file query02.txt (compact mmCIF, C-alpha atoms)
# COMPACT_ATOMS: atom_id res chain seq x y z
CA MET A 880 21.59 9.03 15.60
CA PRO A 881 20.07 6.23 13.50
CA SER A 882 20.39 6.40 9.72
CA PHE A 883 17.32 6.34 7.54
CA GLY A 884 16.99 5.84 3.80
CA VAL A 885 14.12 7.13 1.70
CA ILE A 886 13.60 5.06 -1.45
CA VAL A 887 12.89 7.13 -4.54
CA PHE A 888 11.01 5.67 -7.52
CA PRO A 889 10.18 7.62 -10.65
CA GLY A 890 6.90 9.23 -9.55
CA SER A 891 7.53 9.27 -5.79
CA ASN A 892 6.41 12.65 -4.49
CA CYS A 893 6.53 12.50 -0.70
CA ASP A 894 10.21 11.59 -0.61
CA HIS A 895 11.37 15.11 0.26
CA ASP A 896 8.71 15.46 2.98
CA CYS A 897 9.98 12.30 4.64
CA TYR A 898 13.59 13.40 4.27
CA HIS A 899 12.78 16.80 5.79
CA VAL A 900 11.02 15.34 8.82
CA ILE A 901 13.72 12.77 9.53
CA LYS A 902 16.64 15.13 8.99
CA ASN A 903 15.39 18.53 10.11
CA VAL A 904 12.60 17.76 12.57
CA MET A 905 13.95 14.56 14.13
CA GLY A 906 17.62 15.41 13.66
CA ALA A 907 18.46 11.91 12.46
CA GLU A 908 20.65 10.91 9.51
CA CYS A 909 18.85 10.48 6.22
CA GLU A 910 19.71 9.81 2.60
CA PHE A 911 17.80 9.22 -0.60
CA VAL A 912 18.12 5.77 -2.17
CA TRP A 913 17.42 5.66 -5.92
CA HIS A 914 15.34 2.63 -6.93
CA GLU A 915 18.12 1.33 -9.19
CA GLU A 916 20.48 0.88 -6.23
CA THR A 917 21.09 -2.68 -5.12
CA SER A 918 22.70 -2.13 -1.73
CA LEU A 919 21.36 -0.74 1.53
CA SER A 920 24.45 -1.00 3.68
CA GLY A 921 24.66 1.24 6.72
CA LEU A 922 20.96 2.02 6.84
CA GLU A 923 18.74 1.07 9.77
CA CYS A 924 15.28 2.10 8.61
CA LEU A 925 13.93 2.35 5.07
CA ILE A 926 10.97 4.51 4.15
CA ILE A 927 8.98 3.83 0.98
CA PRO A 928 7.31 7.19 0.47
CA GLY A 929 4.00 8.17 -1.07
CA GLY A 930 3.43 9.27 -4.63
CA PHE A 931 2.62 7.59 -7.90
CA SER A 932 5.52 5.27 -8.65
CA TYR A 933 5.58 4.49 -12.38
CA GLY A 934 2.42 6.57 -12.76
CA ASP A 935 0.45 3.89 -10.87
CA TYR A 936 0.10 2.20 -14.27
CA LEU A 937 -1.60 -1.20 -14.29
CA ARG A 938 -2.15 -1.09 -10.50
CA ALA A 939 -0.66 1.17 -7.83
CA GLY A 940 2.72 -0.27 -6.83
CA ALA A 941 2.59 -3.10 -9.40
CA ILE A 942 5.62 -2.03 -11.41
CA ALA A 943 7.70 -0.52 -8.61
CA ARG A 944 7.89 -3.92 -6.96
CA PHE A 945 10.19 -5.10 -9.76
CA SER A 946 12.70 -2.28 -9.24
CA PRO A 947 16.30 -3.40 -8.58
CA ILE A 948 16.18 -2.06 -5.00
CA MET A 949 13.33 -4.41 -4.05
CA SER A 950 15.45 -7.55 -3.62
CA ALA A 951 17.82 -5.66 -1.32
CA LEU A 952 14.81 -4.32 0.55
CA LYS A 953 13.33 -7.80 1.01
CA GLU A 954 16.66 -9.07 2.24
CA PHE A 955 16.95 -6.10 4.62
CA ALA A 956 13.47 -6.82 6.00
CA SER A 957 14.15 -10.53 6.39
CA ARG A 958 17.14 -9.64 8.60
CA GLY A 959 14.79 -7.61 10.81
CA GLY A 960 15.50 -4.18 9.27
CA LEU A 961 12.72 -1.63 9.75
CA VAL A 962 10.64 -0.78 6.68
CA LEU A 963 7.86 1.82 6.71
CA GLY A 964 5.68 2.06 3.59
CA ILE A 965 3.49 5.14 3.50
CA CYS A 966 0.54 5.37 1.08
CA ASN A 967 2.04 4.37 -2.30
CA GLY A 968 4.76 2.69 -0.20
CA PHE A 969 2.06 0.53 1.45
CA GLN A 970 0.76 -0.32 -2.04
CA VAL A 971 4.26 -1.40 -3.09
CA LEU A 972 4.55 -3.59 0.03
CA VAL A 973 1.30 -5.45 -0.69
CA GLU A 974 2.03 -5.80 -4.39
CA SER A 975 5.45 -7.27 -3.59
CA GLY A 976 3.95 -9.74 -1.14
CA MET A 977 5.87 -8.30 1.83
CA LEU A 978 2.48 -7.63 3.40
CA PRO A 979 -0.72 -9.62 2.75
CA GLY A 980 -3.87 -8.42 0.99
CA ALA A 981 -4.40 -5.75 -1.63
CA LEU A 982 -5.25 -2.05 -1.87
CA TRP A 983 -8.09 -1.37 -4.24
CA LYS A 984 -10.06 1.70 -5.36
CA ASN A 985 -11.74 3.67 -2.58
CA SER A 986 -15.37 2.60 -2.26
CA SER A 987 -16.37 6.21 -3.07
CA LEU A 988 -14.27 5.99 -6.27
CA ARG A 989 -12.88 9.39 -5.30
CA PHE A 990 -9.42 10.48 -4.45
CA VAL A 991 -9.79 11.33 -0.76
CA CYS A 992 -7.58 14.05 0.70
CA LYS A 993 -8.45 14.97 4.28
CA TRP A 994 -7.62 14.67 7.95
CA VAL A 995 -8.76 11.44 9.58
CA ASN A 996 -8.45 9.80 12.99
CA ILE A 997 -6.72 6.49 13.48
CA ARG A 998 -6.57 4.37 16.60
CA VAL A 999 -3.33 2.68 17.61
CA GLU A 1000 -4.16 -1.01 18.03
CA ASN A 1001 -0.70 -2.20 18.96
CA SER A 1002 1.78 0.03 20.73
CA ASN A 1003 4.38 -2.68 21.07
CA THR A 1004 5.96 -2.23 17.64
CA PRO A 1005 9.07 -0.38 16.47
CA PHE A 1006 6.74 2.20 14.91
CA THR A 1007 4.33 2.87 17.78
CA ASN A 1008 6.23 2.33 21.04
CA GLN A 1009 5.95 6.03 22.00
CA ILE A 1010 2.16 5.94 21.72
CA LYS A 1011 -0.37 4.46 24.09
CA GLU A 1012 -2.53 1.60 22.92
CA GLY A 1013 -5.97 2.89 21.99
CA GLU A 1014 -4.67 6.42 21.52
CA VAL A 1015 -6.24 8.33 18.62
CA LEU A 1016 -3.95 10.12 16.16
CA ARG A 1017 -5.13 12.92 13.88
CA ILE A 1018 -3.41 12.44 10.56
CA PRO A 1019 -3.98 13.26 6.86
CA ILE A 1020 -4.74 10.79 4.09
CA ALA A 1021 -4.47 11.43 0.33
CA HIS A 1022 -5.20 8.45 -1.90
CA GLY A 1023 -7.46 6.97 -4.53
CA GLU A 1024 -6.62 3.33 -3.82
CA GLY A 1025 -6.52 2.76 -0.10
CA ASN A 1026 -9.35 0.31 0.26
CA TYR A 1027 -7.69 -2.59 2.06
CA ILE A 1028 -8.95 -5.97 0.91
CA ALA A 1029 -8.03 -9.42 2.17
CA GLU A 1030 -9.72 -12.75 2.67
CA GLU A 1031 -11.54 -13.05 5.97
CA ASP A 1032 -9.09 -15.64 7.33
CA VAL A 1033 -6.13 -13.40 6.42
CA VAL A 1034 -7.68 -10.53 8.37
CA ASP A 1035 -8.36 -12.84 11.34
CA HIS A 1036 -4.77 -13.99 11.20
CA LEU A 1037 -3.56 -10.36 11.16
CA LYS A 1038 -5.71 -9.55 14.16
CA GLU A 1039 -4.55 -12.57 16.13
CA GLY A 1040 -0.93 -11.64 15.54
CA ASN A 1041 -1.59 -8.03 16.67
CA ARG A 1042 -0.56 -7.00 13.18
CA VAL A 1043 -3.42 -4.58 12.58
CA VAL A 1044 -1.54 -1.54 13.86
CA PHE A 1045 -3.92 1.29 12.89
CA ARG A 1046 -7.68 1.49 12.27
CA TYR A 1047 -9.74 4.44 11.06
CA CYS A 1048 -11.99 5.72 13.84
CA ASN A 1049 -13.94 8.75 14.99
CA GLU A 1050 -12.57 11.33 17.43
CA GLY A 1051 -13.66 9.20 20.34
CA GLY A 1052 -11.74 6.19 19.04
CA ASP A 1053 -14.66 4.13 17.74
CA ALA A 1054 -14.02 2.39 14.43
CA THR A 1055 -17.38 3.30 12.91
CA GLU A 1056 -18.48 2.95 9.31
CA SER A 1057 -18.73 6.71 8.85
CA SER A 1058 -15.12 7.17 10.00
CA ASN A 1059 -13.90 4.73 7.34
CA PRO A 1060 -12.73 6.95 4.44
CA ASN A 1061 -12.16 4.31 1.77
CA GLY A 1062 -14.13 1.14 2.53
CA SER A 1063 -11.22 -0.82 4.02
CA VAL A 1064 -12.19 -4.12 5.61
CA ARG A 1065 -12.60 -3.61 9.38
CA ASN A 1066 -11.42 0.01 9.03
CA ILE A 1067 -7.83 -1.12 8.56
CA ALA A 1068 -5.44 1.80 8.02
CA GLY A 1069 -2.11 0.06 8.64
CA ILE A 1070 -0.75 -3.47 9.05
CA ALA A 1071 2.57 -5.07 9.88
CA ASN A 1072 4.35 -8.26 8.86
CA GLU A 1073 4.75 -11.19 11.22
CA GLY A 1074 7.99 -9.85 12.69
CA LEU A 1075 6.39 -6.39 13.17
CA ASN A 1076 9.42 -4.81 11.48
CA VAL A 1077 7.60 -3.98 8.23
CA LEU A 1078 4.68 -1.56 8.50
CA GLY A 1079 2.41 -0.32 5.72
CA MET A 1080 -0.01 2.54 6.33
CA MET A 1081 -2.19 4.72 4.10
CA PRO A 1082 -2.10 7.90 6.26
CA HIS A 1083 0.85 10.28 5.99
CA PRO A 1084 2.76 10.78 9.27
CA GLU A 1085 5.34 12.96 7.48
CA ARG A 1086 2.62 15.51 6.76
CA CYS A 1087 1.84 16.10 10.42
CA SER A 1088 5.13 16.05 12.26
CA GLU A 1089 5.47 19.70 13.21
CA GLU A 1090 3.11 22.30 14.67
CA ALA A 1091 3.53 24.53 11.61
CA LEU A 1092 1.60 21.85 9.68
CA SER A 1093 -1.25 21.93 12.24
CA GLY A 1094 -0.37 18.87 14.21
CA ARG A 1095 2.51 16.66 15.19
CA ASP A 1096 0.89 13.27 15.85
CA GLY A 1097 2.86 11.87 12.92
CA ALA A 1098 6.12 12.71 14.69
CA LEU A 1099 5.25 10.07 17.32
CA ILE A 1100 5.79 7.40 14.69
CA PHE A 1101 9.23 8.72 13.72
CA GLU A 1102 10.12 9.18 17.41
CA SER A 1103 9.07 5.59 18.06
CA ILE A 1104 11.35 4.34 15.28
CA ILE A 1105 14.27 6.38 16.63
CA SER A 1106 13.87 5.20 20.20
CA TRP A 1107 13.52 1.64 18.97
CA LEU A 1108 16.75 1.92 17.01
CA ASN A 1109 18.48 3.62 19.94
CA GLY A 1110 17.29 0.80 22.16
CA SER A 1111 15.67 3.31 24.50
CA HIS A 1112 12.04 2.54 23.82
CA GLU A 1113 9.55 1.76 26.49
CA ALA A 1114 6.36 0.31 25.11
CA GLY A 1115 3.14 2.26 25.43
CA ARG A 1116 4.62 5.36 27.04
CA GLY A 1117 2.06 7.67 25.50
CA LYS A 1118 2.48 10.85 23.56
CA HIS A 1119 2.58 13.14 26.54
CA GLY A 1120 5.21 11.11 28.29
CA THR A 1121 2.82 9.94 30.97
CA MET B 547 8.75 -19.15 -34.84
CA SER B 548 5.55 -17.24 -35.54
CA GLU B 549 3.83 -14.25 -34.02
CA TYR B 550 0.55 -14.60 -32.20
CA LYS B 551 -2.08 -12.07 -31.20
CA VAL B 552 -2.88 -12.55 -27.55
CA LYS B 553 -5.86 -11.14 -25.70
CA VAL B 554 -5.88 -11.01 -21.93
CA VAL B 555 -8.85 -10.02 -19.83
CA VAL B 556 -8.07 -9.19 -16.21
CA ARG B 557 -11.20 -9.04 -14.14
CA LEU B 558 -11.92 -8.36 -10.53
CA LYS B 559 -12.90 -11.50 -8.60
CA SER B 560 -16.64 -11.69 -8.14
CA VAL B 561 -16.31 -11.42 -4.36
CA VAL B 562 -14.51 -8.06 -4.62
CA LEU B 563 -16.72 -4.98 -4.70
CA ASP B 564 -16.21 -3.04 -7.94
CA PRO B 565 -16.97 0.64 -7.21
CA GLN B 566 -16.18 1.55 -10.83
CA GLY B 567 -18.73 -0.96 -12.13
CA LYS B 568 -21.32 0.32 -9.65
CA THR B 569 -20.79 3.91 -10.82
CA VAL B 570 -21.09 2.91 -14.49
CA LEU B 571 -24.26 0.97 -13.62
CA SER B 572 -25.89 3.96 -11.99
CA ALA B 573 -24.82 6.23 -14.88
CA LEU B 574 -26.40 3.83 -17.38
CA ARG B 575 -29.60 3.70 -15.34
CA ASN B 576 -29.67 7.49 -15.14
CA LEU B 577 -29.53 7.52 -18.93
CA GLY B 578 -32.65 5.38 -18.99
CA PHE B 579 -31.06 1.97 -19.58
CA SER B 580 -33.06 0.46 -16.76
CA GLN B 581 -32.69 -3.05 -18.17
CA VAL B 582 -29.02 -3.19 -17.04
CA GLN B 583 -28.82 -5.34 -13.91
CA ASP B 584 -25.10 -5.26 -13.11
CA THR B 585 -21.88 -3.82 -14.51
CA ARG B 586 -18.30 -4.77 -13.80
CA VAL B 587 -15.31 -3.04 -15.34
CA SER B 588 -12.32 -5.16 -16.39
CA LYS B 589 -8.97 -4.60 -18.09
CA PHE B 590 -8.30 -5.80 -21.61
CA ILE B 591 -4.69 -6.18 -22.71
CA GLU B 592 -3.63 -6.99 -26.29
CA MET B 593 -0.18 -8.32 -27.08
CA ASP B 594 1.86 -9.54 -30.04
CA VAL B 595 3.95 -12.45 -28.83
CA LYS B 596 6.51 -14.56 -30.67
CA GLY B 597 6.56 -18.29 -29.98
CA ASP B 598 6.84 -21.79 -31.42
CA ASN B 599 3.22 -22.75 -30.86
CA PRO B 600 0.06 -21.48 -29.15
CA ALA B 601 0.52 -23.72 -26.11
CA ILE B 602 3.97 -22.32 -25.36
CA VAL B 603 2.77 -18.76 -25.89
CA LYS B 604 -0.16 -19.33 -23.55
CA GLU B 605 2.16 -20.69 -20.89
CA GLN B 606 4.36 -17.60 -21.15
CA VAL B 607 1.39 -15.26 -20.93
CA GLU B 608 0.19 -17.20 -17.86
CA GLN B 609 3.48 -16.30 -16.21
CA MET B 610 3.11 -12.66 -17.24
CA CYS B 611 -0.34 -12.61 -15.69
CA SER B 612 0.63 -14.18 -12.42
CA LYS B 613 3.76 -12.06 -12.10
CA LEU B 614 2.59 -8.64 -13.24
CA LEU B 615 -0.61 -8.24 -15.23
CA ALA B 616 -3.01 -9.46 -12.54
CA ASN B 617 -2.97 -9.28 -8.76
CA PRO B 618 -4.04 -12.78 -7.70
CA VAL B 619 -5.41 -11.45 -4.41
CA ILE B 620 -8.21 -9.55 -6.13
CA GLU B 621 -8.15 -10.45 -9.83
CA ASP B 622 -8.67 -13.42 -12.18
CA TYR B 623 -7.58 -13.54 -15.81
CA GLU B 624 -8.45 -15.20 -19.10
CA ILE B 625 -6.04 -15.67 -21.96
CA GLU B 626 -6.87 -16.14 -25.62
CA VAL B 627 -4.09 -16.90 -28.12
CA MET B 628 -5.01 -16.33 -31.76
CA GLU B 629 -3.19 -17.69 -34.83

call {"tool": "encode", "arguments": {"input": "query02.txt", "output": "structure tokens"}}
result
Amino acid sequence: MPSFGVIVFPGSNCDHDCYHVIKNVMGAECEFVWHEETSLSGLECLIIPGGFSYGDYLRAGAIARFSPIMSALKEFASRGGLVLGICNGFQVLVESGMLPGALWKNSSLRFVCKWVNIRVENSNTPFTNQIKEGEVLRIPIAHGEGNYIAEEDVVDHLKEGNRVVFRYCNEGGDATESSNPNGSVRNIAGIANEGLNVLGMMPHPERCSEEALSGRDGALIFESIISWLNGSHEAGRGKHGT
Amino acid sequence: MSEYKVKVVVRLKSVVLDPQGKTVLSALRNLGFSQVQDTRVSKFIEMDVKGDNPAIVKEQVEQMCSKLLANPVIEDYEIEVME
């Protein structure tokens, strides 16, 4: 089974949820990696979990990006290692420049905590290969700064490279204005780097990976990562194995 | 080497929507200050910095801004070094 690492910053608070899903629900190997570590040897996928690293002081993710672990993480990603940043993890990835753009205050100015729908725009990634393209996932969000902002040409570039992986949508899969919970440009909920091995997303897949938590659409993302690492993935297979 | 007071204003680029400023604007209008046309909320950071001269100090604070204090994707900054 592949080995995962969950990076822990002071203020991370979804680290144990991620660990639980990977270890107990997926049955994969998982360990915590304290942010002061400088080595990531033996790990195949790194999760940067949600929370409020360094109290979100200055800007969300702004201080975490200077943690000792970050240079090892960048090196890991540049060698093709899989990195999944969830919520505050996504904020750390944009602040560190590993993903383009910025995450700014929700247009409502409120902390939004609710279930949303996201459409899978690219199923040919290490994170989505067990999901069909266009499939709608029901998944919770919980953030105050998830409003994705980037220059128009950056967003075009992301789209051309199939790097917009998730967009907020309604139940029917339409990316409407009313289904956009935070004002993100073009309803963007998750983007990847050029190599598609680094993914940042605002929604929380670890909070919906077992039926006891009223849904397991999030598990599809962890299952995709595992089959990718096991080399057994088959792009766009769909969540019901069709 | 002397110590300088440094003031840094980090403001959201004008093209970026400022929901905080909009909320403050509508609160002010609700209070009857109808003359207010627009409001934008910025960050103001004060520092005491040691350095040989104001130019060197300003250069160092520039680096602090581009590295940490401001996010160049959405924010601009202004630095004032005082004797």

call {"tool": "interface_residues", "arguments": {"input": "query02.txt", "of": "chain B", "to": "chain A", "cutoff": "10 Å", "atoms": "only C-alpha atoms", "output": "NGL selection string"}}
result
:B and (561-566 or 568-569 or 589 or 613-620)

call {"tool": "closest_residue", "arguments": {"input": "query02.txt", "among": "B:Val627, B:Val556, B:Val582, B:Leu571", "to": "Ile602 (chain B)", "atoms": "only C-alpha atoms"}}
result
B:Val627

call {"tool": "residues_around", "arguments": {"input": "query02.txt", "residues": "Arg557 (chain B)", "least_positions_apart": "5", "cutoff": "9 Å", "atoms": "all atoms listed in the file", "output": "list in words"}}
result
Arg586, Val587, Ser588, Lys589, Phe590, Ala616, Ile620, Glu621, Asp622, Tyr623 and Glu624 of chain B

call {"tool": "atom_distance", "arguments": {"input": "query02.txt", "atom1": "CA of Val912 (chain A)", "atom2": "CA of Ile927 (chain A)"}}
result
9.9 Å

call {"tool": "atom_distance", "arguments": {"input": "query02.txt", "atom1": "CA of Met628 (chain B)", "atom2": "CA of Tyr936 (chain A)"}}
result
26.0 Å

call {"tool": "atom_distance", "arguments": {"input": "query02.txt", "atom1": "CA of Asp1053 (chain A)", "atom2": "CA of Glu1012 (chain A)"}}
result
13.4 Å

call {"tool": "residues_around", "arguments": {"input": "query02.txt", "residues": "region 886-898 of chain A", "least_positions_apart": "5", "cutoff": "10 Å", "atoms": "all atoms listed in the file", "output": "number ranges by chain"}}
result
A: 903-905, 907-916, 925-935, 943, 946, 948-949, 952, 964-968, 1083-1086, 1088, 1101

call {"tool": "residues_around", "arguments": {"input": "query02.txt", "residues": "region 1065-1077 of chain A", "least_positions_apart": "4", "cutoff": "9 Å", "atoms": "all atoms listed in the file", "output": "NGL selection string"}}
result
:A and (956-957 or 959-964 or 969 or 972 or 977-979 or 997 or 1003-1006 or 1025-1027 or 1034 or 1037 or 1040-1048 or 1054-1056 or 1058-1061 or 1081-1082)

call {"tool": "residues_around", "arguments": {"input": "query02.txt", "residues": "Gln581 (chain B)", "least_positions_apart": "6", "cutoff": "12 Å", "atoms": "all atoms listed in the file", "output": "VMD selection string"}}
result
chain B and resid 571 to 572 574 to 575

call {"tool": "write_last_selection", "arguments": {"input": "query02.txt", "atoms": "C-alpha atoms", "output": "compact mmCIF listing (two decimals), in the frame of the given file"}}
result
# COMPACT_ATOMS: atom_id res chain seq x y z
CA LEU B 571 -24.26 0.97 -13.62
CA SER B 572 -25.89 3.96 -11.99
CA LEU B 574 -26.40 3.83 -17.38
CA ARG B 575 -29.60 3.70 -15.34

call {"tool": "residues_around", "arguments": {"input": "query02.txt", "residues": "Val607 (chain B)", "least_positions_apart": "5", "cutoff": "9 Å", "atoms": "only C-alpha atoms", "output": "VMD selection string"}}
result
chain B and resid 552 554 595 602 612 625

call {"tool": "closest_residue", "arguments": {"input": "query02.txt", "among": "A:Ile1105, A:Ile1020, A:Ala1091, A:Leu919", "to": "Thr1007 (chain A)", "atoms": "all atoms listed in the file"}}
result
A:Ile1105

call {"tool": "closest_residue", "arguments": {"input": "query02.txt", "among": "A:Lys1011, A:Arg1017, A:Arg958, A:Lys902", "to": "Leu1092 (chain A)", "atoms": "all atoms listed in the file"}}
result
A:Arg1017

call {"tool": "build_atoms", "arguments": {"input": "query02.txt", "residues": "region 550-560 of chain B", "atoms": "all heavy atoms", "output": "compact mmCIF listing (two decimals), in the coordinates of the input"}}
result
# COMPACT_ATOMS: atom_id res chain seq x y z
N TYR B 550 1.95 -14.38 -32.55
CA TYR B 550 0.55 -14.60 -32.20
C TYR B 550 -0.05 -13.35 -31.58
O TYR B 550 0.62 -12.63 -30.85
CB TYR B 550 0.42 -15.75 -31.20
CG TYR B 550 0.89 -17.07 -31.75
CD1 TYR B 550 2.24 -17.45 -31.65
CD2 TYR B 550 0.01 -17.94 -32.37
CE1 TYR B 550 2.68 -18.66 -32.16
CE2 TYR B 550 0.44 -19.16 -32.88
CZ TYR B 550 1.77 -19.51 -32.78
OH TYR B 550 2.20 -20.71 -33.28
N LYS B 551 -1.32 -13.12 -31.89
CA LYS B 551 -2.08 -12.07 -31.20
C LYS B 551 -2.62 -12.70 -29.92
O LYS B 551 -3.21 -13.78 -29.97
CB LYS B 551 -3.27 -11.63 -32.06
CG LYS B 551 -2.86 -10.84 -33.28
CD LYS B 551 -3.08 -9.35 -33.03
CE LYS B 551 -2.54 -8.56 -34.21
NZ LYS B 551 -1.69 -7.43 -33.83
N VAL B 552 -2.39 -12.02 -28.82
CA VAL B 552 -2.88 -12.55 -27.55
C VAL B 552 -3.80 -11.53 -26.90
O VAL B 552 -3.50 -10.34 -26.87
CB VAL B 552 -1.71 -12.86 -26.60
CG1 VAL B 552 -2.23 -13.44 -25.29
CG2 VAL B 552 -0.74 -13.84 -27.24
N LYS B 553 -4.94 -12.01 -26.42
CA LYS B 553 -5.86 -11.14 -25.70
C LYS B 553 -5.95 -11.61 -24.26
O LYS B 553 -6.17 -12.80 -24.01
CB LYS B 553 -7.26 -11.20 -26.35
CG LYS B 553 -7.28 -10.62 -27.75
CD LYS B 553 -8.66 -10.73 -28.35
CE LYS B 553 -8.68 -10.04 -29.71
NZ LYS B 553 -10.00 -10.13 -30.34
N VAL B 554 -5.79 -10.68 -23.35
CA VAL B 554 -5.88 -11.01 -21.93
C VAL B 554 -6.96 -10.13 -21.30
O VAL B 554 -6.97 -8.92 -21.47
CB VAL B 554 -4.54 -10.74 -21.21
CG1 VAL B 554 -4.65 -11.09 -19.72
CG2 VAL B 554 -3.41 -11.54 -21.85
N VAL B 555 -7.87 -10.78 -20.60
CA VAL B 555 -8.85 -10.02 -19.83
C VAL B 555 -8.54 -10.23 -18.35
O VAL B 555 -8.44 -11.36 -17.89
CB VAL B 555 -10.30 -10.48 -20.14
CG1 VAL B 555 -11.29 -9.74 -19.24
CG2 VAL B 555 -10.64 -10.24 -21.59
N VAL B 556 -8.32 -9.13 -17.65
CA VAL B 556 -8.07 -9.19 -16.21
C VAL B 556 -9.31 -8.66 -15.53
O VAL B 556 -9.67 -7.50 -15.70
CB VAL B 556 -6.84 -8.35 -15.81
CG1 VAL B 556 -6.61 -8.42 -14.30
CG2 VAL B 556 -5.60 -8.83 -16.56
N ARG B 557 -9.99 -9.52 -14.80
CA ARG B 557 -11.20 -9.04 -14.14
C ARG B 557 -11.14 -9.23 -12.64
O ARG B 557 -10.48 -10.12 -12.12
CB ARG B 557 -12.46 -9.65 -14.75
CG ARG B 557 -12.60 -11.12 -14.79
CD ARG B 557 -14.03 -11.50 -15.17
NE ARG B 557 -14.36 -11.17 -16.55
CZ ARG B 557 -14.16 -11.97 -17.60
NH1 ARG B 557 -13.61 -13.15 -17.41
NH2 ARG B 557 -14.52 -11.60 -18.82
N LEU B 558 -11.84 -8.32 -11.98
CA LEU B 558 -11.92 -8.36 -10.53
C LEU B 558 -12.67 -9.62 -10.11
O LEU B 558 -13.67 -9.97 -10.73
CB LEU B 558 -12.71 -7.13 -10.08
CG LEU B 558 -12.32 -6.46 -8.79
CD1 LEU B 558 -10.85 -6.13 -8.75
CD2 LEU B 558 -13.15 -5.20 -8.63
N LYS B 559 -12.18 -10.32 -9.10
CA LYS B 559 -12.90 -11.50 -8.60
C LYS B 559 -14.31 -11.10 -8.20
O LYS B 559 -14.54 -9.98 -7.72
CB LYS B 559 -12.17 -12.06 -7.38
CG LYS B 559 -10.91 -12.80 -7.75
CD LYS B 559 -10.26 -13.42 -6.53
CE LYS B 559 -9.01 -14.15 -6.96
NZ LYS B 559 -8.22 -14.64 -5.84
N SER B 560 -15.23 -12.05 -8.37
CA SER B 560 -16.64 -11.69 -8.14
C SER B 560 -16.91 -11.30 -6.69
O SER B 560 -17.85 -10.56 -6.42
CB SER B 560 -17.54 -12.85 -8.56
OG SER B 560 -17.12 -14.01 -7.89
